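**Q** Input: one structure, supplied below.
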Amino acid sequence: MPNPRPTRDEYYMAIAKQVSTRSTCLRRSVGAIIVVGDMIVATGYNGAPRGEPHCIDIGFCAREGQPRGHGYEDCRGVHAETNALLMAAKHGISVDGGTMYVTSKPCNICRKLMKQAGIKKVVYLDDEGKMQTMTID
């Protein structure tokens, strides 16, 4: 018997996991996609801004030794969620009412950016790798 068809959330999360493989962060590989009306409109992964050296290229992380969630001001990377939002904006694509799929729980800064952009729902993987849903209101 063939494998059961994945749910939409499973399908989109699998794509977000693939996007995470492009990450250039030494600490965590995170991928994000934005879906509006059952269509992927943008993707993003964590890494240095365009034209700047990536942590994997320079061989060190400026946040080394700091606990998770601390020292963002020292980080050279842009979060996957922010990169996805910026990609949509760069191409003039509205994400209003959309859903973000991300391979890690979004930080509070990214949550605020999603809210401001009009994202209504976030599906993310918790620390145990289980999908969780967060409503942005």
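Residue names in the structure tokens use chain letters A, B, ... in the order shown, residue numbers from 1 in each chain, and ligand numbers from 1 in the order shown.
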Contacts of segment 128-132 of chain A at 12 Å or less, counting only C-alpha atoms, minus same-chain residues fewer than 5 places along, as a list in words?

**A** Thr7, Asp9, Glu10, Tyr11, Tyr12, Met13, Ala14, Lys17, Met100, Tyr101, Val102, Thr103, Ser104, Lys105, Pro106, Lys121, Val122 and Val123 of chain A

**Q** Please save N, CA, C and O atoms of the selected residues as a PDB file, in the first residue's frame.

**A**
ATOM      1  N   THR A   7      -0.701  15.700   5.020  1.00  0.00           N
ATOM      2  CA  THR A   7      -1.605  16.842   5.182  1.00  0.00           C
ATOM      3  C   THR A   7      -0.921  18.065   4.568  1.00  0.00           C
ATOM      4  O   THR A   7       0.282  18.056   4.296  1.00  0.00           O
ATOM      5  N   ASP A   9      -0.230  20.819   6.088  1.00  0.00           N
ATOM      6  CA  ASP A   9       0.788  21.273   7.040  1.00  0.00           C
ATOM      7  C   ASP A   9       2.054  20.429   6.934  1.00  0.00           C
ATOM      8  O   ASP A   9       3.167  20.960   6.952  1.00  0.00           O
ATOM      9  N   GLU A  10       1.921  19.114   6.821  1.00  0.00           N
ATOM     10  CA  GLU A  10       3.083  18.236   6.674  1.00  0.00           C
ATOM     11  C   GLU A  10       3.829  18.537   5.376  1.00  0.00           C
ATOM     12  O   GLU A  10       5.068  18.578   5.348  1.00  0.00           O
ATOM     13  N   TYR A  11       3.082  18.741   4.311  1.00  0.00           N
ATOM     14  CA  TYR A  11       3.662  19.044   2.999  1.00  0.00           C
ATOM     15  C   TYR A  11       4.469  20.343   3.042  1.00  0.00           C
ATOM     16  O   TYR A  11       5.635  20.378   2.633  1.00  0.00           O
ATOM     17  N   TYR A  12       3.849  21.406   3.560  1.00  0.00           N
ATOM     18  CA  TYR A  12       4.531  22.700   3.599  1.00  0.00           C
ATOM     19  C   TYR A  12       5.709  22.681   4.578  1.00  0.00           C
ATOM     20  O   TYR A  12       6.743  23.304   4.320  1.00  0.00           O
ATOM     21  N   MET A  13       5.578  21.957   5.683  1.00  0.00           N
ATOM     22  CA  MET A  13       6.695  21.885   6.629  1.00  0.00           C
ATOM     23  C   MET A  13       7.867  21.135   6.005  1.00  0.00           C
ATOM     24  O   MET A  13       9.031  21.491   6.229  1.00  0.00           O
ATOM     25  N   ALA A  14       7.592  20.109   5.216  1.00  0.00           N
ATOM     26  CA  ALA A  14       8.676  19.385   4.531  1.00  0.00           C
ATOM     27  C   ALA A  14       9.428  20.323   3.588  1.00  0.00           C
ATOM     28  O   ALA A  14      10.657  20.246   3.470  1.00  0.00           O
ATOM     29  N   LYS A  17      11.631  22.547   5.681  1.00  0.00           N
ATOM     30  CA  LYS A  17      12.833  21.802   6.094  1.00  0.00           C
ATOM     31  C   LYS A  17      13.860  21.790   4.971  1.00  0.00           C
ATOM     32  O   LYS A  17      15.060  21.936   5.215  1.00  0.00           O
ATOM     33  N   MET A 100       2.760  31.235   7.832  1.00  0.00           N
ATOM     34  CA  MET A 100       4.215  31.023   7.793  1.00  0.00           C
ATOM     35  C   MET A 100       4.487  29.637   8.349  1.00  0.00           C
ATOM     36  O   MET A 100       3.976  29.269   9.404  1.00  0.00           O
ATOM     37  N   TYR A 101       5.283  28.854   7.631  1.00  0.00           N
ATOM     38  CA  TYR A 101       5.769  27.559   8.103  1.00  0.00           C
ATOM     39  C   TYR A 101       7.249  27.736   8.390  1.00  0.00           C
ATOM     40  O   TYR A 101       8.005  28.180   7.509  1.00  0.00           O
ATOM     41  N   VAL A 102       7.661  27.402   9.595  1.00  0.00           N
ATOM     42  CA  VAL A 102       9.047  27.623   9.992  1.00  0.00           C
ATOM     43  C   VAL A 102       9.549  26.441  10.819  1.00  0.00           C
ATOM     44  O   VAL A 102       8.790  25.854  11.593  1.00  0.00           O
ATOM     45  N   THR A 103      10.804  26.085  10.636  1.00  0.00           N
ATOM     46  CA  THR A 103      11.347  24.880  11.260  1.00  0.00           C
ATOM     47  C   THR A 103      11.787  25.084  12.704  1.00  0.00           C
ATOM     48  O   THR A 103      12.386  24.188  13.292  1.00  0.00           O
ATOM     49  N   SER A 104      11.485  26.231  13.279  1.00  0.00           N
ATOM     50  CA  SER A 104      11.808  26.524  14.672  1.00  0.00           C
ATOM     51  C   SER A 104      10.787  27.532  15.192  1.00  0.00           C
ATOM     52  O   SER A 104      10.216  28.293  14.403  1.00  0.00           O
ATOM     53  N   LYS A 105      10.577  27.550  16.490  1.00  0.00           N
ATOM     54  CA  LYS A 105       9.627  28.522  17.053  1.00  0.00           C
ATOM     55  C   LYS A 105      10.160  29.934  16.824  1.00  0.00           C
ATOM     56  O   LYS A 105      11.305  30.237  17.163  1.00  0.00           O
ATOM     57  N   PRO A 106       9.349  30.811  16.246  1.00  0.00           N
ATOM     58  CA  PRO A 106       9.803  32.174  15.976  1.00  0.00           C
ATOM     59  C   PRO A 106      10.110  32.956  17.259  1.00  0.00           C
ATOM     60  O   PRO A 106       9.435  32.779  18.278  1.00  0.00           O
ATOM     61  N   LYS A 121      -1.234  33.105  10.772  1.00  0.00           N
ATOM     62  CA  LYS A 121      -0.988  31.824  11.443  1.00  0.00           C
ATOM     63  C   LYS A 121       0.454  31.409  11.191  1.00  0.00           C
ATOM     64  O   LYS A 121       1.002  31.654  10.119  1.00  0.00           O
ATOM     65  N   VAL A 122       1.047  30.783  12.209  1.00  0.00           N
ATOM     66  CA  VAL A 122       2.395  30.235  12.087  1.00  0.00           C
ATOM     67  C   VAL A 122       2.347  28.770  12.493  1.00  0.00           C
ATOM     68  O   VAL A 122       1.802  28.428  13.548  1.00  0.00           O
ATOM     69  N   VAL A 123       2.889  27.913  11.653  1.00  0.00           N
ATOM     70  CA  VAL A 123       3.056  26.500  11.980  1.00  0.00           C
ATOM     71  C   VAL A 123       4.563  26.298  12.114  1.00  0.00           C
ATOM     72  O   VAL A 123       5.314  26.630  11.195  1.00  0.00           O
TER      73      VAL A 123
END

**Q** Quick one: residues within 12 Å of Ile15 of chain A, only C-alpha atoms counted, chain neighbours fewer than 6 positions away excluded, as a PyMOL selection string?

**A** chain A and resi 8-9+21-22+30-35+40+42-45+100-103

**Q** With N, CA, C and O atoms kept, could you save the residues just selected as a PDB file, in the first residue's frame?

**A**
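Result file is result-v1.pdb:
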ATOM      1  N   ARG A   8      -1.673  19.120   4.367  1.00  0.00           N
ATOM      2  CA  ARG A   8      -1.079  20.355   3.841  1.00  0.00           C
ATOM      3  C   ARG A   8       0.019  20.861   4.778  1.00  0.00           C
ATOM      4  O   ARG A   8       1.081  21.291   4.321  1.00  0.00           O
ATOM      5  N   ASP A   9      -0.230  20.819   6.088  1.00  0.00           N
ATOM      6  CA  ASP A   9       0.788  21.273   7.040  1.00  0.00           C
ATOM      7  C   ASP A   9       2.054  20.429   6.934  1.00  0.00           C
ATOM      8  O   ASP A   9       3.167  20.960   6.952  1.00  0.00           O
ATOM      9  N   THR A  21      18.074  23.821   4.497  1.00  0.00           N
ATOM     10  CA  THR A  21      19.373  23.273   4.108  1.00  0.00           C
ATOM     11  C   THR A  21      20.262  24.327   3.444  1.00  0.00           C
ATOM     12  O   THR A  21      21.461  24.103   3.282  1.00  0.00           O
ATOM     13  N   ARG A  22      19.699  25.468   3.077  1.00  0.00           N
ATOM     14  CA  ARG A  22      20.471  26.583   2.501  1.00  0.00           C
ATOM     15  C   ARG A  22      21.046  27.503   3.582  1.00  0.00           C
ATOM     16  O   ARG A  22      21.808  28.416   3.271  1.00  0.00           O
ATOM     17  N   VAL A  30      17.603  27.083   9.905  1.00  0.00           N
ATOM     18  CA  VAL A  30      16.169  27.352   9.978  1.00  0.00           C
ATOM     19  C   VAL A  30      15.670  27.729   8.587  1.00  0.00           C
ATOM     20  O   VAL A  30      16.317  28.496   7.872  1.00  0.00           O
ATOM     21  N   GLY A  31      14.519  27.177   8.219  1.00  0.00           N
ATOM     22  CA  GLY A  31      13.869  27.506   6.964  1.00  0.00           C
ATOM     23  C   GLY A  31      12.453  27.975   7.211  1.00  0.00           C
ATOM     24  O   GLY A  31      11.819  27.558   8.185  1.00  0.00           O
ATOM     25  N   ALA A  32      11.969  28.845   6.338  1.00  0.00           N
ATOM     26  CA  ALA A  32      10.608  29.364   6.459  1.00  0.00           C
ATOM     27  C   ALA A  32      10.001  29.517   5.075  1.00  0.00           C
ATOM     28  O   ALA A  32      10.708  29.829   4.115  1.00  0.00           O
ATOM     29  N   ILE A  33       8.709  29.277   4.987  1.00  0.00           N
ATOM     30  CA  ILE A  33       7.971  29.570   3.762  1.00  0.00           C
ATOM     31  C   ILE A  33       6.686  30.290   4.139  1.00  0.00           C
ATOM     32  O   ILE A  33       6.162  30.114   5.241  1.00  0.00           O
ATOM     33  N   ILE A  34       6.224  31.103   3.219  1.00  0.00           N
ATOM     34  CA  ILE A  34       4.952  31.810   3.408  1.00  0.00           C
ATOM     35  C   ILE A  34       3.975  31.286   2.372  1.00  0.00           C
ATOM     36  O   ILE A  34       4.298  31.236   1.171  1.00  0.00           O
ATOM     37  N   VAL A  35       2.797  30.906   2.845  1.00  0.00           N
ATOM     38  CA  VAL A  35       1.745  30.373   1.985  1.00  0.00           C
ATOM     39  C   VAL A  35       0.539  31.307   2.065  1.00  0.00           C
ATOM     40  O   VAL A  35       0.072  31.634   3.165  1.00  0.00           O
ATOM     41  N   ILE A  40       2.715  28.882  -2.334  1.00  0.00           N
ATOM     42  CA  ILE A  40       3.943  29.372  -1.718  1.00  0.00           C
ATOM     43  C   ILE A  40       4.326  30.665  -2.413  1.00  0.00           C
ATOM     44  O   ILE A  40       4.504  30.699  -3.639  1.00  0.00           O
ATOM     45  N   ALA A  42       6.803  32.938  -0.848  1.00  0.00           N
ATOM     46  CA  ALA A  42       8.160  33.345  -0.493  1.00  0.00           C
ATOM     47  C   ALA A  42       8.799  32.289   0.394  1.00  0.00           C
ATOM     48  O   ALA A  42       8.103  31.536   1.090  1.00  0.00           O
ATOM     49  N   THR A  43      10.119  32.248   0.345  1.00  0.00           N
ATOM     50  CA  THR A  43      10.894  31.363   1.209  1.00  0.00           C
ATOM     51  C   THR A  43      12.021  32.162   1.841  1.00  0.00           C
ATOM     52  O   THR A  43      12.387  33.236   1.354  1.00  0.00           O
ATOM     53  N   GLY A  44      12.573  31.635   2.925  1.00  0.00           N
ATOM     54  CA  GLY A  44      13.717  32.283   3.553  1.00  0.00           C
ATOM     55  C   GLY A  44      14.459  31.305   4.437  1.00  0.00           C
ATOM     56  O   GLY A  44      13.885  30.345   4.941  1.00  0.00           O
ATOM     57  N   TYR A  45      15.732  31.545   4.597  1.00  0.00           N
ATOM     58  CA  TYR A  45      16.555  30.766   5.528  1.00  0.00           C
ATOM     59  C   TYR A  45      17.476  31.731   6.243  1.00  0.00           C
ATOM     60  O   TYR A  45      17.677  32.866   5.805  1.00  0.00           O
ATOM     61  N   MET A 100       2.760  31.235   7.832  1.00  0.00           N
ATOM     62  CA  MET A 100       4.215  31.023   7.793  1.00  0.00           C
ATOM     63  C   MET A 100       4.487  29.637   8.349  1.00  0.00           C
ATOM     64  O   MET A 100       3.976  29.269   9.404  1.00  0.00           O
ATOM     65  N   TYR A 101       5.283  28.854   7.631  1.00  0.00           N
ATOM     66  CA  TYR A 101       5.769  27.559   8.103  1.00  0.00           C
ATOM     67  C   TYR A 101       7.249  27.736   8.390  1.00  0.00           C
ATOM     68  O   TYR A 101       8.005  28.180   7.509  1.00  0.00           O
ATOM     69  N   VAL A 102       7.661  27.402   9.595  1.00  0.00           N
ATOM     70  CA  VAL A 102       9.047  27.623   9.992  1.00  0.00           C
ATOM     71  C   VAL A 102       9.549  26.441  10.819  1.00  0.00           C
ATOM     72  O   VAL A 102       8.790  25.854  11.593  1.00  0.00           O
ATOM     73  N   THR A 103      10.804  26.085  10.636  1.00  0.00           N
ATOM     74  CA  THR A 103      11.347  24.880  11.260  1.00  0.00           C
ATOM     75  C   THR A 103      11.787  25.084  12.704  1.00  0.00           C
ATOM     76  O   THR A 103      12.386  24.188  13.292  1.00  0.00           O
TER      77      THR A 103
END

**Q** Which residue is closest to Ile136 of chain A? Choose from A:Gly71, A:Pro53, A:Gly98, A:Pro4 and count only C-alpha atoms.

**A**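 For Ile136 of chain A, the nearest of the candidates is A:Gly98.
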
**Q** List every residue of chain A that DSSP, applied to the backbone of this structure, assigns to strand (DSSP E), and report them as a list in words.

**A**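 DSSP-assigned strand (DSSP E) residues in chain A: Gly31, Ala32, Ile33, Ile34, Val35, Val36, Met39, Ile40, Val41, Ala42, Thr43, Gly44, Tyr45, Thr99, Met100, Tyr101, Val102, Lys121, Val122, Val123, Tyr124, Leu125, Met131, Gln132, Thr133, Met134 and Thr135 of chain A.
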
**Q** Print the selection's residues with C-alpha atoms to a file, as a CSV table (one decimal), in the first residue's frame.

**A**
chain,number,residue,atom,x,y,z
A,31,GLY,CA,13.9,27.5,7.0
A,32,ALA,CA,10.6,29.4,6.5
A,33,ILE,CA,8.0,29.6,3.8
A,34,ILE,CA,5.0,31.8,3.4
A,35,VAL,CA,1.7,30.4,2.0
A,36,VAL,CA,-1.1,32.6,0.8
A,39,MET,CA,0.3,29.0,-2.9
A,40,ILE,CA,3.9,29.4,-1.7
A,41,VAL,CA,4.8,33.0,-2.2
A,42,ALA,CA,8.2,33.3,-0.5
A,43,THR,CA,10.9,31.4,1.2
A,44,GLY,CA,13.7,32.3,3.6
A,45,TYR,CA,16.6,30.8,5.5
A,99,THR,CA,0.5,31.3,7.0
A,100,MET,CA,4.2,31.0,7.8
A,101,TYR,CA,5.8,27.6,8.1
A,102,VAL,CA,9.0,27.6,10.0
A,121,LYS,CA,-1.0,31.8,11.4
A,122,VAL,CA,2.4,30.2,12.1
A,123,VAL,CA,3.1,26.5,12.0
A,124,TYR,CA,6.4,25.7,13.5
A,125,LEU,CA,8.4,22.8,14.9
A,131,MET,CA,4.3,20.7,14.7
A,132,GLN,CA,2.7,23.5,16.7
A,133,THR,CA,0.3,26.2,15.6
A,134,MET,CA,0.3,29.8,16.7
A,135,THR,CA,-2.3,32.4,15.8

**Q** DSSP on the backbone, then: every residue of chain A marked alpha helix (DSSP H), written as a PyMOL selection string.

**A** chain A and resi 8-20+55-58+80-90+108-117

**Q** Quick one: pull the distance between atom CA of Cys107 of chain A and atom CA of Leu26 of chain A, Å, one decimal.

**A**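 So the answer is 18.0 Å.
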
**Q** Between A:Ala48, A:Asp127, A:Glu73, A:Ala117, which has the minimum distance to Ala88 of chain A (counting only C-alpha atoms)?

**A**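 Nearest candidate to Ala88 of chain A out of A:Ala48, A:Asp127, A:Glu73, A:Ala117: A:Ala117.
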
**Q** Nearest to Asp96 of chain A among A:Ala84, A:Ile109, A:Cys75, A:Ile119, with distances taken over only C-alpha atoms: which residue is it?

**A**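 Of A:Ala84, A:Ile109, A:Cys75, A:Ile119, the one nearest Asp96 of chain A, counting only C-alpha atoms, is A:Ile119.
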
**Q** Please measure the separation of atom CA of Ser23 of chain A and atom CA of Asp57 of chain A, giving the value in Å to one decimal.

**A**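 Calculated distance between atom CA of Ser23 of chain A and atom CA of Asp57 of chain A is 11.8 Å.
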
**Q** Ranking A:Ile93, A:Glu81, A:Arg5, A:Cys61 by minimum distance to Val19 of chain A and counting only C-alpha atoms, which one comes first?

**A** A:Glu81

**Q** Smallest atom-to-atom distance to Ile56 of chain A: which of A:Ala80, A:Leu86, A:Gly37, A:Thr24, using only C-alpha atoms?

**A** A:Thr24
